[in-house]
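Trainee: Dropping the structure in here first, questions after.
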Amino acid sequence: MDMRELELLVPTLFGLEGLCAEELRRLKLPEVAAENGRVRCKAAPADIPRVNLNLRTGERVLLVVGRYRAADFEALFEGCRALPWEEFIPREGAFPVKGHSLNSQLHAVPACQAVLKKAAAARLGEKYGLETLPESGALYQIQFSIMRDEVTLMLDTTGAGLHKRGYRAVGVAAPLRETLAAAMVLLSRYRGRDPFCDPFCGSGTIAIEAALIAKNRAPGLNRAFSAQKWRWLDSGLWLQAAGEAMDGEYDGAYDIWGGDIDPKAVAIARANAEKADVEDAVRFEVADAAAFRRDAPYGRVVTNPPYGERILEKREAEELYRAFGRAVCTLPEGWRVSVLSSHTEFERTFGRTADKKRKLYNGMLKCDLFQYGR
């Protein structure tokens, strides 16, 4: 395989493919293409650290090793054994297998896992002259995707998902995934100059992601990645990518605020902001969203109030939406408001029809991002 031209596949939450593709283009990755639930692009080895460190809306970075068609287990085995695994996985590398199958002849995932594991082991055993591979070294997680009998085999360069930035050691009930929080901030068109508020801040995720965006701070700087231990990927590339990311950071005075009625949540949000190195850019206060007021002529509200399914009863959630809707009506005309909710009657209870609606998923929960103001 030519290491100068690799292919990366980045899974995303549904609805975020376009944002993720934009991010990859800004990182100057070639041949970026958004697909359903994922984005692919070409890359060089140096791009693996860059993408892992900088990506805000992708879930993980997968390196494509090969593609082939397989409608039976023999074809699945032979296709996998034909791939150059030894170019990536060293003699002592650990290579567990996991993945999924959709609309394919081979639909039993555990059986596919076993066949692919056996095939990769046969190839590596032959190349290294071993009957049993030690698997005592670094992790080279093999991921497979079988869709309409098309098999894609990949190595996971990331490890724990990219939404695990390293700042949220403690959460509160029903946490919002960091990648979705970043997407909400980007969709609000916040760039760091306007006042920014989250009146239902919980553990602070939306406001912290806004601060990372405002400061142009790479979200992956405080965590480790699987591919940092890969022998064929020069460790100097990670240092270079981190250095470039830090050189791109902005200094400035930012007006980013988060409020929550629960003092424990506010304490957690403050601790999380410190872990994310943005405590200088964001402030958190105990505050009631029903009494939310701002005098500044313009700004952004981006928030994820309790839905009803998981924390509050639906009736309580509706009362909260009504009170918050009344509070939002007091804001000056220059404010733009984005609210994520899975509640089917959100607009009615909030008191206003959204100017724009965008379908998003918080994990498997279907939501809408209701956007108000031009």
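Ligands are numbered from 1 in the order shown, chains are lettered A, B, ... in the order of the structure tokens, and residues start at 1 in each chain.
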Determine which residues of region 58-99 of chain A DSSP labels as strand (DSSP E or B) from the backbone of this structure, then write them out as a VMD selection string.
Mentor: chain A and resid 62 to 69 94 97 to 99
Trainee: Just to be explicit: take each residue in the selection above, keep N, CA and C atoms, and write the result as an mmCIF file, in the first residue's frame.
Mentor:
```
data_model
loop_
_atom_site.group_PDB
_atom_site.id
_atom_site.type_symbol
_atom_site.label_atom_id
_atom_site.label_comp_id
_atom_site.auth_asym_id
_atom_site.auth_seq_id
_atom_site.Cartn_x
_atom_site.Cartn_y
_atom_site.Cartn_z
ATOM 1 N N LEU A 62 -11.030 6.551 10.986
ATOM 2 C CA LEU A 62 -10.739 5.182 10.582
ATOM 3 C C LEU A 62 -9.877 5.189 9.325
ATOM 4 N N LEU A 63 -8.836 4.373 9.331
ATOM 5 C CA LEU A 63 -7.943 4.246 8.177
ATOM 6 C C LEU A 63 -8.391 3.045 7.350
ATOM 7 N N VAL A 64 -8.765 3.285 6.091
ATOM 8 C CA VAL A 64 -9.258 2.204 5.228
ATOM 9 C C VAL A 64 -8.072 1.350 4.755
ATOM 10 N N VAL A 65 -8.136 0.037 5.031
ATOM 11 C CA VAL A 65 -7.095 -0.898 4.600
ATOM 12 C C VAL A 65 -7.497 -1.545 3.277
ATOM 13 N N GLY A 66 -8.780 -1.779 3.079
ATOM 14 C CA GLY A 66 -9.217 -2.367 1.815
ATOM 15 C C GLY A 66 -10.723 -2.498 1.699
ATOM 16 N N ARG A 67 -11.170 -2.700 0.439
ATOM 17 C CA ARG A 67 -12.593 -2.892 0.134
ATOM 18 C C ARG A 67 -12.727 -4.053 -0.834
ATOM 19 N N TYR A 68 -13.766 -4.842 -0.682
ATOM 20 C CA TYR A 68 -14.039 -5.928 -1.626
ATOM 21 C C TYR A 68 -15.472 -6.402 -1.417
ATOM 22 N N ARG A 69 -15.973 -7.203 -2.359
ATOM 23 C CA ARG A 69 -17.335 -7.743 -2.244
ATOM 24 C C ARG A 69 -17.270 -9.147 -1.648
ATOM 25 N N ALA A 94 -1.777 -6.058 18.901
ATOM 26 C CA ALA A 94 -3.082 -6.650 19.239
ATOM 27 C C ALA A 94 -4.089 -6.169 18.198
ATOM 28 N N VAL A 97 -11.291 -7.445 16.499
ATOM 29 C CA VAL A 97 -12.148 -7.109 15.348
ATOM 30 C C VAL A 97 -13.553 -6.776 15.842
ATOM 31 N N LYS A 98 -14.123 -5.681 15.332
ATOM 32 C CA LYS A 98 -15.539 -5.393 15.596
ATOM 33 C C LYS A 98 -16.121 -4.652 14.400
ATOM 34 N N GLY A 99 -17.457 -4.632 14.308
ATOM 35 C CA GLY A 99 -18.052 -3.935 13.179
ATOM 36 C C GLY A 99 -19.551 -4.168 13.071
#
```
Trainee: Name all residues at most 12 Å from Glu345 (chain A) (count only C-alpha atoms; drop same-chain ones fewer than 5 positions away) and give them as an MDAnalysis selection string.
Mentor: chainID A and resid 307:308 314:315 317:319 321:322 350:353 367:368 370
Trainee: May I have the residues within 10 Å of Pro297 (chain A) as JSON, numbers by chain, using only C-alpha atoms and disregarding those fewer than 2 positions away in the same chain?
Mentor: {"A": [194, 195, 294, 295, 299, 331, 332, 333, 334, 335]}
Trainee: Dump N, CA, C and O atoms for the selected residues as an mmCIF file, in the first residue's frame?
Mentor:
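Ended up saving to selection-v2.cif:
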```cif
data_model
loop_
_atom_site.group_PDB
_atom_site.id
_atom_site.type_symbol
_atom_site.label_atom_id
_atom_site.label_comp_id
_atom_site.auth_asym_id
_atom_site.auth_seq_id
_atom_site.Cartn_x
_atom_site.Cartn_y
_atom_site.Cartn_z
ATOM 1 N N ASP A 194 -19.548 37.580 19.399
ATOM 2 C CA ASP A 194 -20.798 37.985 20.055
ATOM 3 C C ASP A 194 -20.899 37.407 21.466
ATOM 4 O O ASP A 194 -20.272 36.392 21.761
ATOM 5 N N PRO A 195 -21.732 38.006 22.328
ATOM 6 C CA PRO A 195 -22.076 37.335 23.591
ATOM 7 C C PRO A 195 -22.735 35.983 23.285
ATOM 8 O O PRO A 195 -23.500 35.864 22.328
ATOM 9 N N ARG A 294 -31.069 39.473 28.925
ATOM 10 C CA ARG A 294 -29.808 40.042 28.458
ATOM 11 C C ARG A 294 -30.100 41.398 27.824
ATOM 12 O O ARG A 294 -31.056 41.547 27.061
ATOM 13 N N ASP A 295 -29.240 42.394 28.148
ATOM 14 C CA ASP A 295 -29.444 43.749 27.620
ATOM 15 C C ASP A 295 -28.621 44.029 26.364
ATOM 16 O O ASP A 295 -28.886 44.995 25.661
ATOM 17 N N GLY A 299 -26.484 38.765 20.136
ATOM 18 C CA GLY A 299 -25.775 37.645 20.746
ATOM 19 C C GLY A 299 -26.371 36.331 20.283
ATOM 20 O O GLY A 299 -27.249 36.288 19.419
ATOM 21 N N LEU A 331 -35.634 39.380 24.812
ATOM 22 C CA LEU A 331 -34.297 39.685 24.274
ATOM 23 C C LEU A 331 -34.384 40.719 23.155
ATOM 24 O O LEU A 331 -35.349 40.711 22.374
ATOM 25 N N PRO A 332 -33.370 41.599 23.026
ATOM 26 C CA PRO A 332 -33.339 42.531 21.896
ATOM 27 C C PRO A 332 -33.327 41.784 20.561
ATOM 28 O O PRO A 332 -32.948 40.610 20.486
ATOM 29 N N GLU A 333 -33.729 42.480 19.498
ATOM 30 C CA GLU A 333 -33.932 41.842 18.186
ATOM 31 C C GLU A 333 -32.698 41.197 17.593
ATOM 32 O O GLU A 333 -32.784 40.295 16.776
ATOM 33 N N GLY A 334 -31.516 41.638 17.974
ATOM 34 C CA GLY A 334 -30.281 41.111 17.380
ATOM 35 C C GLY A 334 -29.855 39.751 17.896
ATOM 36 O O GLY A 334 -28.833 39.221 17.473
ATOM 37 N N TRP A 335 -30.631 39.154 18.795
ATOM 38 C CA TRP A 335 -30.266 37.846 19.348
ATOM 39 C C TRP A 335 -30.767 36.715 18.455
ATOM 40 O O TRP A 335 -31.885 36.753 17.956
#
```
Trainee: What's around Gly220 (chain A) at 12 Å? Count only C-alpha atoms, leave out sequence neighbours fewer than 3 positions away in its own chain, and write the answer as number ranges by chain.
Mentor: A: 49-60, 158, 160-167, 178-179, 209, 212, 216-217, 223-225, 238, 241-242, 245-246, 276-277
Trainee: So the first atom is CA of Val109 (chain A) and the second is CA of Gln141 (chain A); what is the distance between them in Å, to one decimal place?
Mentor: 15.9 Å
Trainee: Do you know which residues are at most 9 Å from Arg81 (chain A) counting only C-alpha atoms, after dropping those on the same chain fewer than 5 positions away, and could you put them as an MDAnalysis selection string?
Mentor: chainID A and resid 76 116 118:124
Trainee: May I ask which of the residues A:Pro134, A:Pro11, A:Ser145, A:Val337 is the closest one to Arg189 (chain A), counting only C-alpha atoms?
Mentor: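 Under the stated criterion, the closest residue is A:Val337.
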Trainee: Calculated over only C-alpha atoms, which of the candidates A:Cys197, A:Ala108, A:Leu176, A:Leu102 has the smallest distance to Gly363 (chain A)?
Mentor: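 Using only C-alpha atoms, Gly363 (chain A) sits closest to A:Leu176.
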Trainee: Which residue is closest to Ala227 (chain A)? Choose from A:Val115, A:Leu340, A:Val61, A:Leu360 and count only C-alpha atoms.
Mentor: A:Val61
Trainee: One number please: CA of Glu126 (chain A) to CA of Phe73 (chain A), in Å, one decimal.
Mentor: 20.4 Å
Trainee: Using only C-alpha atoms, which of the listed residues (A:Pro306, A:Gly258, A:Pro30, A:Pro110) sits closest to Leu320 (chain A)?
Mentor: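 The shortest atom-to-atom distance to Leu320 (chain A) comes from A:Pro306.
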Trainee: Which is closest to Ala138 (chain A) among A:Tyr298, A:Phe95, A:Phe284, A:Phe200, if we use only C-alpha atoms?
Mentor: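 Using only C-alpha atoms, the shortest distance to Ala138 (chain A) belongs to A:Phe95.
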Trainee: Go through A:Arg326, A:Arg358, A:Arg270, A:Arg177 and flag the residue nearest Arg293 (chain A), using only C-alpha atoms for the distances.
Mentor: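 Between A:Arg326, A:Arg358, A:Arg270, A:Arg177, the residue approaching Arg293 (chain A) most closely is A:Arg326.
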